[in-house]
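Undergrad: Compact mmCIF, C-alpha atoms, saved as input.txt, coming up:
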```txt
# COMPACT_ATOMS: atom_id res chain seq x y z
CA MET G 1 -16.61 -7.86 -8.05
CA GLU G 2 -17.14 -6.52 -11.51
CA ASN G 3 -14.19 -6.58 -13.83
CA ASP G 4 -14.43 -3.13 -15.26
CA LYS G 5 -12.14 -1.26 -12.93
CA VAL G 6 -9.29 -0.61 -15.32
CA LEU G 7 -10.06 2.64 -17.05
CA PHE G 8 -6.77 3.33 -18.72
CA TYR G 9 -3.57 1.52 -19.35
CA ALA G 10 -0.71 1.47 -21.78
CA GLY G 11 2.29 -0.70 -22.34
CA SER G 12 3.01 -4.38 -22.34
CA SER G 13 0.38 -6.22 -20.37
CA ASN G 14 2.83 -8.93 -19.35
CA GLU G 15 5.09 -6.41 -17.70
CA ILE G 16 2.21 -4.82 -15.89
CA ILE G 17 0.91 -8.11 -14.60
CA GLU G 18 4.37 -9.16 -13.50
CA GLU G 19 4.82 -5.94 -11.60
CA LEU G 20 1.44 -6.23 -9.98
CA GLU G 21 2.20 -9.74 -8.87
CA LYS G 22 5.27 -8.42 -7.12
CA MET G 23 3.23 -5.83 -5.32
CA ASN G 24 0.58 -8.37 -4.58
CA SER G 25 2.80 -10.95 -2.96
CA GLY G 26 2.72 -9.10 0.36
CA ILE G 27 -1.03 -9.24 0.42
CA GLN G 28 -1.07 -12.87 -0.63
CA GLY G 29 1.32 -13.69 2.18
CA ARG G 30 -0.98 -12.07 4.64
CA ILE G 31 -3.96 -13.94 3.34
CA ASN G 32 -2.27 -17.27 3.47
CA ALA G 33 -1.20 -16.88 7.07
CA THR G 34 -2.41 -19.83 9.14
CA PRO G 35 -1.57 -21.01 12.64
CA GLU G 36 0.71 -23.62 11.03
CA ASN G 37 2.86 -21.22 9.10
CA VAL G 38 2.67 -18.33 11.50
CA GLU G 39 5.90 -19.44 13.15
CA SER G 40 7.97 -19.01 10.01
CA GLY G 41 6.04 -15.78 9.66
CA LEU G 42 7.51 -14.73 12.98
CA ALA G 43 11.08 -15.41 11.88
CA LYS G 44 10.36 -13.41 8.78
CA LEU G 45 8.96 -10.60 10.86
CA VAL G 46 11.96 -10.45 13.17
CA LEU G 47 14.52 -10.74 10.39
CA THR G 48 12.72 -8.08 8.42
CA LEU G 49 13.14 -5.70 11.31
CA VAL G 50 16.77 -6.65 11.81
CA GLU G 51 17.37 -6.17 8.11
CA LEU G 52 15.66 -2.81 8.23
CA ILE G 53 17.90 -1.63 11.03
CA ARG G 54 20.97 -2.99 9.28
CA LYS G 55 20.07 -1.11 6.11
CA LEU G 56 19.49 2.03 8.12
CA MET G 57 22.95 1.69 9.62
CA GLU G 58 24.41 1.17 6.19
CA LYS G 59 22.75 4.27 4.82
CA GLN G 60 23.81 6.30 7.80
CA ALA G 61 27.38 5.11 7.27
CA MET G 62 27.25 6.24 3.64
CA ARG G 63 26.19 9.67 4.79
CA ARG G 64 29.04 9.88 7.24
CA ILE G 65 31.49 8.91 4.56
CA GLU G 66 29.99 11.49 2.27
CA GLY G 67 30.26 14.06 5.04
CA ASP G 68 33.99 13.42 5.00
CA SER G 69 34.21 13.53 8.78
CA LEU G 70 35.73 10.11 9.37
CA THR G 71 39.35 9.22 9.78
CA GLU G 72 41.04 6.53 7.77
CA ASP G 73 40.89 4.14 10.73
CA GLN G 74 37.25 4.81 11.37
CA ILE G 75 36.40 4.09 7.78
CA GLU G 76 38.32 0.86 7.91
CA ASN G 77 36.45 -0.15 11.07
CA LEU G 78 33.13 0.83 9.64
CA GLY G 79 33.67 -1.22 6.51
CA GLU G 80 34.64 -4.27 8.52
CA THR G 81 31.63 -3.99 10.82
CA LEU G 82 29.18 -3.58 7.96
CA MET G 83 30.70 -6.46 6.09
CA LYS G 84 30.49 -8.79 9.08
CA LEU G 85 26.92 -7.75 9.76
CA GLU G 86 25.93 -8.51 6.23
CA ASN G 87 27.56 -11.91 6.35
CA LYS G 88 25.85 -12.73 9.63
CA MET G 89 22.54 -11.71 8.15
CA ASP G 90 23.12 -13.97 5.17
CA GLU G 91 23.68 -16.89 7.53
CA LEU G 92 20.44 -16.19 9.37
CA LYS G 93 18.55 -15.95 6.13
CA LYS G 94 19.83 -19.36 5.14
CA ILE G 95 18.84 -20.88 8.47
CA PHE G 96 15.27 -19.67 8.14
CA ASN G 97 15.14 -20.34 4.44
CA LEU G 98 14.39 -16.75 3.57
CA THR G 99 15.53 -14.84 0.54
CA ASP G 100 16.28 -11.15 0.16
CA LYS G 101 13.01 -10.85 -1.62
CA ASP G 102 11.08 -12.12 1.38
CA LEU G 103 12.60 -9.46 3.59
CA ASN G 104 12.78 -6.75 1.03
CA LEU G 105 9.10 -6.65 0.52
CA ASN G 106 8.29 -5.21 3.87
CA LEU G 107 11.21 -2.87 3.70
CA GLY G 108 9.36 -0.70 1.25
CA PRO G 109 9.69 2.53 3.24
CA LEU G 110 13.46 2.28 3.03
CA GLY G 111 13.39 3.39 -0.53
CA ASP G 112 11.84 6.58 0.58
CA LEU G 113 13.54 7.09 3.83
CA LEU G 114 17.16 7.67 2.98
CA MET B 1 -6.13 -1.28 -25.52
CA GLN B 2 -4.81 -4.78 -26.00
CA GLU B 3 -6.50 -8.12 -26.17
CA ASN B 4 -5.69 -9.43 -22.73
CA LEU B 5 -7.39 -6.51 -21.11
CA TYR B 6 -9.55 -9.02 -19.31
CA ASP B 7 -6.58 -10.59 -17.52
CA ILE B 8 -5.18 -7.26 -16.52
CA ASN B 9 -8.54 -6.16 -15.34
CA LYS B 10 -8.93 -9.20 -13.16
CA GLU B 11 -5.42 -9.04 -11.74
CA ILE B 12 -5.52 -5.38 -10.95
CA THR B 13 -9.01 -5.54 -9.58
CA ILE B 14 -8.15 -8.30 -7.13
CA LEU B 15 -4.92 -6.62 -6.10
CA ASP B 16 -6.58 -3.30 -5.55
CA VAL B 17 -9.55 -4.74 -3.74
CA LEU B 18 -7.50 -6.78 -1.29
CA ASP B 19 -5.22 -3.92 -0.45
CA ARG B 20 -8.11 -1.58 0.14
CA VAL B 21 -10.38 -3.90 2.08
CA LEU B 22 -7.64 -5.29 4.33
CA THR B 23 -5.58 -2.23 5.08
CA LYS B 24 -7.79 0.78 4.43
CA GLY B 25 -11.32 1.76 5.32
CA VAL B 26 -12.85 2.73 8.63
CA VAL B 27 -11.46 0.85 11.61
CA ILE B 28 -13.64 -0.02 14.58
CA THR B 29 -11.80 -0.37 17.85
CA GLY B 30 -12.99 -1.51 21.26
CA ASP B 31 -14.78 -4.39 22.94
CA ILE B 32 -17.77 -4.60 20.68
CA VAL B 33 -15.76 -5.69 17.69
CA ILE B 34 -14.91 -9.26 16.87
CA SER B 35 -12.21 -9.23 14.27
CA VAL B 36 -12.33 -12.16 11.90
CA ALA B 37 -9.00 -11.17 10.49
CA ASP B 38 -7.01 -11.25 13.71
CA ILE B 39 -3.89 -12.54 12.03
CA ASP B 40 -3.79 -9.22 10.25
CA LEU B 41 -2.94 -7.43 13.45
CA VAL B 42 0.56 -8.85 13.50
CA TYR B 43 1.26 -7.50 10.05
CA LEU B 44 -0.47 -4.22 10.68
CA GLY B 45 1.67 -3.87 13.77
CA LEU B 46 4.75 -4.32 11.64
CA ARG B 47 3.50 -1.76 9.20
CA VAL B 48 2.91 0.79 11.92
CA LEU B 49 6.36 0.14 13.28
CA LEU B 50 7.98 0.53 9.89
CA SER B 51 6.19 3.73 9.09
CA SER B 52 7.08 5.19 12.46
CA VAL B 53 10.73 4.44 11.80
CA GLU B 54 10.25 6.23 8.51
CA THR B 55 8.84 9.30 10.20
CA MET B 56 11.56 9.24 12.78
CA GLU B 57 14.23 9.18 10.10
CA LYS B 58 12.59 12.01 8.25
CA ARG B 59 12.57 14.14 11.34
CA LYS B 60 16.19 13.34 11.86
CA ALA B 61 16.94 14.30 8.27
CA VAL B 62 15.26 17.68 8.69
CA LYS B 63 17.38 18.55 11.69
CA MET P 1 -26.00 -12.22 17.04
CA PRO P 2 -22.82 -10.70 15.60
CA VAL P 3 -23.21 -8.55 12.52
CA ILE P 4 -20.79 -7.74 9.74
CA VAL P 5 -20.57 -4.01 9.11
CA TYR P 6 -19.94 -2.97 5.51
CA ALA P 7 -20.25 0.76 5.52
CA VAL P 8 -21.84 3.81 7.10
CA PHE P 9 -23.73 6.55 5.30
CA ASP P 10 -26.02 9.50 5.81
CA SER P 11 -29.62 8.35 6.45
CA ARG P 12 -30.95 11.27 4.46
CA GLN P 13 -29.71 9.57 1.30
CA ILE P 14 -32.21 6.75 1.67
CA ASN P 15 -35.14 6.97 -0.65
CA ASP P 16 -35.99 3.37 -1.43
CA ALA P 17 -36.66 0.07 0.30
CA LEU P 18 -34.63 -0.49 3.42
CA SER P 19 -33.56 -4.01 2.73
CA SER P 20 -31.88 -5.76 -0.13
CA ILE P 21 -30.30 -9.02 -1.11
CA TYR P 22 -26.95 -9.29 -2.82
CA VAL P 23 -26.25 -12.38 -4.81
CA LEU P 24 -22.60 -13.27 -4.62
CA PRO P 25 -20.53 -14.79 -7.41
CA SER P 26 -20.58 -18.10 -5.54
CA GLY P 27 -24.33 -18.24 -5.97
CA SER P 28 -25.06 -17.68 -2.30
CA SER P 29 -26.79 -14.52 -1.20
CA VAL P 30 -26.43 -12.03 1.59
CA GLN P 31 -29.34 -10.33 3.27
CA ILE P 32 -28.39 -6.73 3.86
CA GLU P 33 -29.94 -4.82 6.74
CA TYR P 34 -29.81 -1.21 7.73
CA ILE P 35 -29.35 0.02 11.28
CA SER P 36 -29.89 3.73 11.91
CA ALA P 37 -29.18 6.19 14.71
CA ASN P 38 -28.54 9.95 14.74
CA GLU P 39 -29.37 10.22 11.04
CA LEU P 40 -26.58 7.80 10.25
CA THR P 41 -27.10 4.35 8.83
CA ALA P 42 -24.87 1.32 9.06
CA ILE P 43 -25.14 -1.36 6.40
CA VAL P 44 -24.81 -4.79 7.97
CA SER P 45 -25.55 -8.44 7.49
CA VAL P 46 -25.94 -11.08 10.15
CA GLN P 47 -22.80 -13.14 10.33
CA THR P 48 -23.45 -16.58 8.90
CA ALA P 49 -20.17 -18.39 8.37
CA ASN P 50 -18.36 -19.37 11.55
CA LYS P 51 -14.88 -19.40 10.17
CA PRO P 52 -14.25 -18.38 6.60
CA ALA P 53 -13.29 -21.44 4.62
CA ASP P 54 -11.70 -19.45 1.87
CA TYR P 55 -10.39 -16.21 3.21
CA GLN P 56 -9.67 -14.54 -0.10
CA HIS P 57 -13.07 -15.46 -1.43
CA GLU P 58 -14.75 -13.99 1.65
CA VAL P 59 -12.80 -10.77 1.37
CA LEU P 60 -13.68 -10.36 -2.28
CA ALA P 61 -17.35 -11.03 -1.57
CA TYR P 62 -17.29 -8.42 1.18
CA ALA P 63 -15.60 -5.93 -1.12
CA GLY P 64 -18.12 -6.66 -3.86
CA ILE P 65 -20.97 -5.72 -1.57
CA VAL P 66 -19.31 -2.51 -0.46
CA ASP P 67 -18.59 -1.70 -4.09
CA LYS P 68 -22.20 -2.16 -5.13
CA ILE P 69 -23.51 -0.05 -2.29
CA SER P 70 -21.07 2.71 -3.14
CA THR P 71 -22.49 3.07 -6.64
CA GLN P 72 -25.78 3.92 -4.94
CA TYR P 73 -24.74 5.97 -1.93
CA SER P 74 -21.79 8.04 -0.74
CA ILE P 75 -20.49 5.76 1.97
CA LEU P 76 -17.66 5.33 4.43
CA PRO P 77 -16.47 1.77 3.78
CA MET P 78 -15.34 -0.36 6.73
CA ARG P 79 -12.19 -2.39 6.80
CA TYR P 80 -12.75 -6.12 6.34
CA GLY P 81 -13.07 -7.83 9.68
CA SER P 82 -15.44 -5.32 11.26
CA VAL P 83 -17.77 -7.73 12.97
CA VAL P 84 -19.73 -6.09 15.76
CA ALA P 85 -21.07 -8.15 18.66
CA SER P 86 -24.74 -7.20 18.21
CA SER P 87 -27.13 -4.87 16.41
CA ALA P 88 -27.53 -2.88 19.62
CA ASP P 89 -23.80 -2.30 19.65
CA VAL P 90 -23.98 -0.89 16.15
CA ILE P 91 -26.40 1.74 17.40
CA VAL P 92 -24.03 2.57 20.26
CA LEU P 93 -21.22 2.84 17.73
CA LEU P 94 -23.16 5.26 15.53
CA GLU P 95 -24.26 7.39 18.46
CA LYS P 96 -20.88 7.58 20.09
CA ASN P 97 -19.05 8.47 16.90
CA SER P 98 -21.62 10.51 15.06
CA GLU P 99 -19.40 13.55 14.84
CA SER P 100 -16.35 11.87 13.32
CA ILE P 101 -18.55 9.84 10.99
CA ARG P 102 -20.31 13.00 9.89
CA ASN P 103 -16.98 14.71 9.22
CA GLY P 104 -15.75 11.72 7.30
CA LEU P 105 -18.90 11.66 5.22
CA ASN P 106 -18.69 15.34 4.39
CA LYS P 107 -15.25 14.81 2.97
CA ILE P 108 -16.26 12.00 0.60
CA MET P 109 -19.77 13.13 -0.30
CA ASN P 110 -20.41 12.64 -4.02
CA LYS P 111 -16.81 11.67 -4.57
CA GLU P 112 -15.12 8.49 -5.72
CA GLU P 113 -11.65 7.06 -5.35
CA TYR P 114 -9.25 6.19 -8.17
CA SER P 115 -5.78 4.65 -8.30
CA LEU P 116 -3.16 6.10 -10.60
CA ARG P 117 0.02 4.11 -11.15
CA ILE P 118 3.00 4.77 -13.33
CA LEU P 119 5.38 1.93 -14.13
CA PHE P 120 8.74 1.83 -15.81
CA SER P 121 8.98 -0.56 -18.66
CA HIS P 122 11.87 -2.95 -17.99
CA GLU P 123 13.84 -1.80 -20.96
CA HIS P 124 13.61 1.84 -20.03
CA HIS P 125 14.45 1.22 -16.42
CA SER P 126 17.78 -0.43 -17.06
CA ALA P 127 18.67 2.12 -19.73
CA ILE P 128 18.44 4.96 -17.22
CA PHE P 129 19.91 3.50 -14.08
CA ASN P 130 22.44 0.81 -14.80
CA GLU P 131 25.03 3.00 -16.43
CA GLU P 132 25.05 5.47 -13.53
CA CYS P 133 26.35 3.05 -10.96
CA GLY P 134 30.04 3.81 -11.19
CA ASP P 135 29.76 7.43 -10.27
CA VAL P 136 31.82 8.47 -7.20
CA PRO P 137 32.66 12.10 -6.39
CA GLN P 138 36.31 13.17 -6.70
CA SER P 139 36.66 13.96 -3.01
CA LEU P 140 35.85 10.39 -2.05
CA THR P 141 37.86 8.40 -4.53
CA GLY P 142 40.97 8.83 -2.42
CA ILE P 143 39.24 7.67 0.72
CA LEU P 144 37.46 4.69 -0.72
CA GLN P 145 39.94 3.34 -3.16
CA GLY P 146 42.57 1.02 -1.93
CA ASP P 147 43.59 -2.57 -1.83
CA SER P 148 41.92 -3.64 1.38
CA GLU P 149 38.87 -5.86 1.26
CA THR P 150 36.89 -3.53 3.47
CA LYS P 151 37.58 -0.56 1.26
CA ASN P 152 36.43 -2.40 -1.80
CA TYR P 153 33.35 -3.41 0.06
CA LEU P 154 32.62 0.14 1.12
CA LEU P 155 33.21 1.47 -2.35
CA LYS P 156 30.71 -0.97 -3.80
CA LYS P 157 28.21 -0.04 -1.11
CA TYR P 158 28.77 3.61 -1.79
CA GLN P 159 28.20 3.24 -5.51
CA LYS P 160 24.96 1.46 -4.85
CA HIS P 161 23.95 4.19 -2.46
CA ARG P 162 24.61 6.87 -5.06
CA ALA P 163 22.63 5.05 -7.70
CA GLU P 164 19.72 4.72 -5.30
CA GLU P 165 19.84 8.42 -4.43
CA LYS P 166 19.75 9.30 -8.10
CA ARG P 167 16.79 7.06 -8.66
CA LEU P 168 14.92 8.68 -5.81
CA GLN P 169 15.60 12.16 -7.11
CA TYR P 170 14.37 11.15 -10.52
CA ILE P 171 11.19 9.68 -9.07
CA GLU P 172 10.70 12.75 -6.93
CA LYS P 173 10.71 14.88 -10.06
CA ILE P 174 8.02 12.83 -11.72
CA HIS P 175 6.02 12.83 -8.52
CA SER P 176 5.91 16.56 -8.25
CA PHE P 177 4.93 16.89 -11.88
CA VAL P 178 2.05 14.44 -11.52
CA ALA P 179 0.99 15.98 -8.22
CA GLN P 180 0.79 19.38 -9.84
CA ASP P 181 -1.34 18.03 -12.64
CA LEU P 182 -3.70 16.24 -10.30
CA LYS P 183 -4.11 19.35 -8.20
CA LYS P 184 -6.14 20.79 -11.03
CA ILE P 185 -8.97 18.41 -10.33
CA THR P 186 -8.68 17.52 -6.65
CA GLU P 187 -7.02 18.45 -3.40
CA PHE P 188 -7.29 14.87 -2.16
CA VAL P 189 -4.28 12.98 -3.46
CA ASP P 190 -2.18 10.51 -1.52
CA PHE P 191 1.08 9.13 -2.79
CA ASN P 192 2.04 5.70 -1.62
CA LYS P 193 5.66 5.79 -0.48
CA ARG P 194 6.17 2.06 -0.59
CA LEU P 195 7.26 1.56 -4.15
CA SER P 196 8.81 -1.37 -5.93
CA PRO P 197 11.72 -0.64 -8.28
CA ALA P 198 9.60 -0.41 -11.41
CA LEU P 199 6.71 1.41 -9.84
CA ILE P 200 7.39 5.14 -9.87
CA VAL P 201 4.05 6.55 -8.94
CA ASP P 202 1.31 4.89 -6.91
CA ALA P 203 -1.32 7.44 -6.00
CA VAL P 204 -4.89 7.37 -4.79
CA LEU P 205 -7.17 10.30 -5.46
CA LEU P 206 -10.64 11.31 -4.46
CA ILE P 207 -12.61 13.16 -7.11
CA GLU P 208 -16.14 14.39 -7.70
CA ARG P 209 -18.31 11.82 -9.43
CA SER P 210 -18.87 14.38 -12.17
CA ALA P 211 -15.15 14.91 -12.79
CA LYS P 212 -14.46 11.42 -14.13
CA GLY P 213 -14.15 12.67 -17.72
CA GLU P 214 -11.65 15.32 -16.69
CA LEU P 215 -9.61 12.72 -14.87
CA LEU P 216 -9.51 10.48 -17.91
CA SER P 217 -8.23 13.21 -20.17
CA LEU P 218 -5.69 14.27 -17.55
CA VAL P 219 -4.36 10.73 -17.39
CA ALA P 220 -4.17 10.55 -21.16
CA HIS P 221 -2.21 13.81 -21.04
CA ILE P 222 0.26 12.43 -18.50
CA GLN P 223 0.73 9.37 -20.67
CA SER P 224 1.40 11.52 -23.71
CA ILE P 225 4.09 13.48 -21.85
CA TYR P 226 5.75 10.33 -20.59
CA PRO P 227 5.36 7.87 -23.46
CA GLN P 228 8.20 5.80 -22.05
CA TYR P 229 6.15 4.83 -18.98
CA ASN P 230 3.05 2.77 -18.53
CA VAL P 231 0.23 4.72 -16.92
CA ILE P 232 -2.62 2.77 -15.33
CA LEU P 233 -5.82 4.17 -13.93
CA THR P 234 -8.33 2.08 -11.97
CA GLY P 235 -11.64 2.95 -10.39
CA PRO P 236 -14.06 4.16 -9.36
CA TRP P 237 -13.58 2.62 -5.94
CA PRO P 238 -15.40 3.19 -2.68
CA PRO P 239 -13.34 5.80 -0.79
CA TYR P 240 -11.35 3.30 1.29
CA ASN P 241 -8.23 5.42 1.32
CA PHE P 242 -10.06 8.53 2.37
CA ALA P 243 -12.14 7.01 5.12
CA GLN P 244 -9.37 6.36 7.56
CA ILE P 245 -11.12 7.26 10.76
CA LYS P 246 -11.25 5.20 13.91
CA LEU P 247 -14.55 4.44 15.60
CA GLU P 248 -14.66 3.59 19.28
```
Will you turn the file into structure tokens for me?

TA:
Amino acid sequence: MENDKVLFYAGSSNEIIEELEKMNSGIQGRINATPENVESGLAKLVLTLVELIRKLMEKQAMRRIEGDSLTEDQIENLGETLMKLENKMDELKKIFNLTDKDLNLNLGPLGDLL
Amino acid sequence: MQENLYDINKEITILDVLDRVLTKGVVITGDIVISVADIDLVYLGLRVLLSSVETMEKRKAVK
Amino acid sequence: MPVIVYAVFDSRQINDALSSIYVLPSGSSVQIEYISANELTAIVSVQTANKPADYQHEVLAYAGIVDKISTQYSILPMRYGSVVASSADVIVLLEKNSESIRNGLNKIMNKEEYSLRILFSHEHHSAIFNEECGDVPQSLTGILQGDSETKNYLLKKYQKHRAEEKRLQYIEKIHSFVAQDLKKITEFVDFNKRLSPALIVDAVLLIERSAKGELLSLVAHIQSIYPQYNVILTGPWPPYNFAQIKLE
């Protein structure tokens, strides 16, 4: 591959490279998948989905609060549920040795979706 | 342009190439294809799932 | 013998020798062959390696070949991993899908793909968004403020949610501005929705080979309007992002 693909850029090159590495890590992860590490890949996959759904719930809850249609009790309940869910998720992440970053990566669409 | 243009060029080129070659381009489906990148399917599956959740949510938001 | 398929193009573009050898960076070489049917030609090589020893290296070599071919022809590039069971099957593939291939080719004929990205610089990013976090509408302060742990938790969540919404609106604004500018030179623009926090625009565009100069000045213009961001343009690429058809 010829190295003349960058036609225009501005700014600090270190920042750009750092940012690109972040974007790239998903691809690198895919490339480095082997039968040996595919199992931890599976945990990551499942937890990513769980985390996605949890975040969706959270966002939906924020909308309901914003909509001002919940009673005091409901809000109290909601807060408790969300808090417990988040704690549970943190435990699971620890068990599988995953960080937020590992799960966040594949959650890209979230930024757009809510 | 700055002096480490070469590094940037290399980094971006590799990033862009991998993304394109592995996730874009024409897909051949069916029996006559032997995929050498079968592990990809798992991740592609995830991607499809995520983007369909995205679409679903958007539809919900429109309503 | 299985063959690796690199790309498909219109046979009428051929005007030179029908076989070529690409020397890869590793020093090895690949014998490229052409298989034609229905005025369409597939560019293939016989599969040599059994199992790629170095996956990334293989992928880059594959991409390098597609890239070289695309400087010569207007092609539909295949996704890596398209290994077809036999040459005869390639002919079947071309015949069965000639219509969708033809449509795909018409779209990309004489065009090339570019990537346009706009990044926040770190400094600028925190200046805009960090200070906004505390903002909660009047109507909700009563509901969310209190002594209970859950309320505090919800309030924090809500503040984060607001900050995120603001960020999205801001990005949306820049998007529509850039989209409008790009419309001047092409109707084929795709915005990637999966963005990292510092990446505000990640777009691929398909433009006429002859419009490269226009694109460059447009990008310089965008940079001059938004001096606080880093604008990056890469290309020309084979039209991977605009060749998303499925062959059966």

Undergrad: To one decimal place in Å, what is the distance between atom CA of Leu94 of chain P and atom CA of Ile69 of chain P?

TA: 18.6 Å

Undergrad: Residues at most 9 Å from Val178 of chain P, counting all atoms listed in the file, excluding those fewer than 4 positions away in the same chain, as a list in words?

TA: Lys173, Ile174, Leu182, Lys183, Val201 and Ile222 of chain P

Undergrad: If you take all atoms listed in the file and a cut-off of 9 Å, which residues of chain P touch chain B, and what are their nearest atom pairs and distances in Å to one decimal, in chain and number order, as a tab-separated table?

TA:
```
residue	atom	partner	partner_atom	distance
P:Pro2	CA	B:Ile34	CA	8.1
P:Ala7	CA	B:Val26	CA	8.3
P:Lys51	CA	B:Val36	CA	7.9
P:Pro52	CA	B:Val36	CA	8.4
P:Tyr55	CA	B:Ala37	CA	9.0
P:Gln56	CA	B:Leu18	CA	8.1
P:Val59	CA	B:Leu18	CA	7.1
P:Leu60	CA	B:Val17	CA	7.1
P:Tyr62	CA	B:Val21	CA	8.3
P:Ala63	CA	B:Val21	CA	6.5
P:Gly64	CA	B:Val17	CA	8.8
P:Leu76	CA	B:Val26	CA	6.9
P:Pro77	CA	B:Gly25	CA	5.4
P:Met78	CA	B:Val26	CA	4.4
P:Arg79	CA	B:Gly25	CA	4.5
P:Tyr80	CA	B:Val21	CA	5.4
P:Gly81	CA	B:Ser35	CA	4.9
P:Ser82	CA	B:Ser35	CA	5.9
P:Val83	CA	B:Ile34	CA	5.1
P:Val84	CA	B:Val33	CA	4.4
P:Ala85	CA	B:Ile32	CA	5.3
P:Ser86	CA	B:Ile32	CA	7.8
P:Asp89	CA	B:Ile32	CA	6.5
P:Val90	CA	B:Ile32	CA	8.5
P:Leu93	CA	B:Ile28	CA	8.7
P:Ser115	CA	B:Asp16	CA	8.5
P:Thr234	CA	B:Thr13	CA	8.0
P:Gly235	CA	B:Thr13	CA	8.9
P:Trp237	CA	B:Val17	CA	8.7
P:Pro239	CA	B:Gly25	CA	7.6
P:Tyr240	CA	B:Gly25	CA	4.3
P:Asn241	CA	B:Lys24	CA	5.6
P:Phe242	CA	B:Gly25	CA	7.5
P:Ala243	CA	B:Gly25	CA	5.3
P:Gln244	CA	B:Val26	CA	5.1
P:Ile245	CA	B:Val26	CA	5.3
P:Lys246	CA	B:Val27	CA	4.9
P:Leu247	CA	B:Ile28	CA	4.7
P:Glu248	CA	B:Thr29	CA	5.1
```

Undergrad: Separation of atom CA of Ile53 of chain G and atom CA of Leu85 of chain G, in Å?

TA: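 Atom CA of Leu85 of chain G lies 11.0 Å from atom CA of Ile53 of chain G.
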
Undergrad: Taking 4 positions as the minimum chain separation for residues in the same chain, which residues sit within 9 Å of Glu80 of chain G when counting only C-alpha atoms? Answer as a PDB file with C-alpha atoms, keeping the file's coordinate frame.

TA:
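Below is the file out-v2.pdb, written as the result:
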```
ATOM      1  CA  ILE G  75      36.400   4.090   7.780  1.00  0.00           C
ATOM      2  CA  GLU G  76      38.320   0.860   7.910  1.00  0.00           C
ATOM      3  CA  LYS G  84      30.490  -8.790   9.080  1.00  0.00           C
ATOM      4  CA  LEU G  85      26.920  -7.750   9.760  1.00  0.00           C
TER       5      LEU G  85
ATOM      6  CA  GLU P 149      38.870  -5.860   1.260  1.00  0.00           C
ATOM      7  CA  THR P 150      36.890  -3.530   3.470  1.00  0.00           C
ATOM      8  CA  LYS P 151      37.580  -0.560   1.260  1.00  0.00           C
ATOM      9  CA  TYR P 153      33.350  -3.410   0.060  1.00  0.00           C
ATOM     10  CA  LEU P 154      32.620   0.140   1.120  1.00  0.00           C
TER      11      LEU P 154
END
```

Undergrad: Return the single residue from P:Ser87, P:Asn97, P:Thr186, P:Ser36 that is closest to Leu215 of chain P, with distances computed using all atoms listed in the file.

TA: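 Of all the options, P:Thr186 lies closest to Leu215 of chain P.
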
Undergrad: Quick one: distance from atom CA of Thr71 of chain G to atom CA of Arg162 of chain P in Å, one decimal?

TA: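 Distance between the two atoms: 21.0 Å.
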
Undergrad: May I have the residues of chain P within 9 Å of chain G, counting all atoms listed in the file, written as a ChimeraX atom specification?

TA: /P:24-25,55-56,60-61,63-65,67-68,119,121-122,139-140,143-144,148-154,157-158,161,164-165,168,193-199,216,219-220,223,227-237

Undergrad: Find the residue from P:Asp10, P:Glu208, P:Glu99, P:Asp202 that sits nearest to Leu116 of chain P; use all atoms listed in the file when measuring.

TA: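 Of all the options, P:Asp202 lies closest to Leu116 of chain P.
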
Undergrad: Let me make sure I understand: among G:Met57, G:Ser69, G:Lys88, G:Lys93, which one has the smallest atom-to-atom distance to chain B if we use only C-alpha atoms?

TA: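 The closest residue to chain B is G:Met57.
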
Undergrad: Quick one: what's the axis-aligned box for segment 102-113 of chain P, all listed atoms, 8 Å on every side, centre and edges in Å to one decimal, as JSON?

TA:
```
{"center_x": -16.0, "center_y": 11.2, "center_z": 2.1, "size_x": 24.8, "size_y": 24.3, "size_z": 31.6}
```

Undergrad: Please provide the set of residues having any atom within 10 Å of Leu218 of chain P, restricted to only C-alpha atoms, with same-chain residues fewer than 6 positions apart removed, written as a PyMOL selection string.

TA: chain P and resi 178+181-182+184-185+212+224
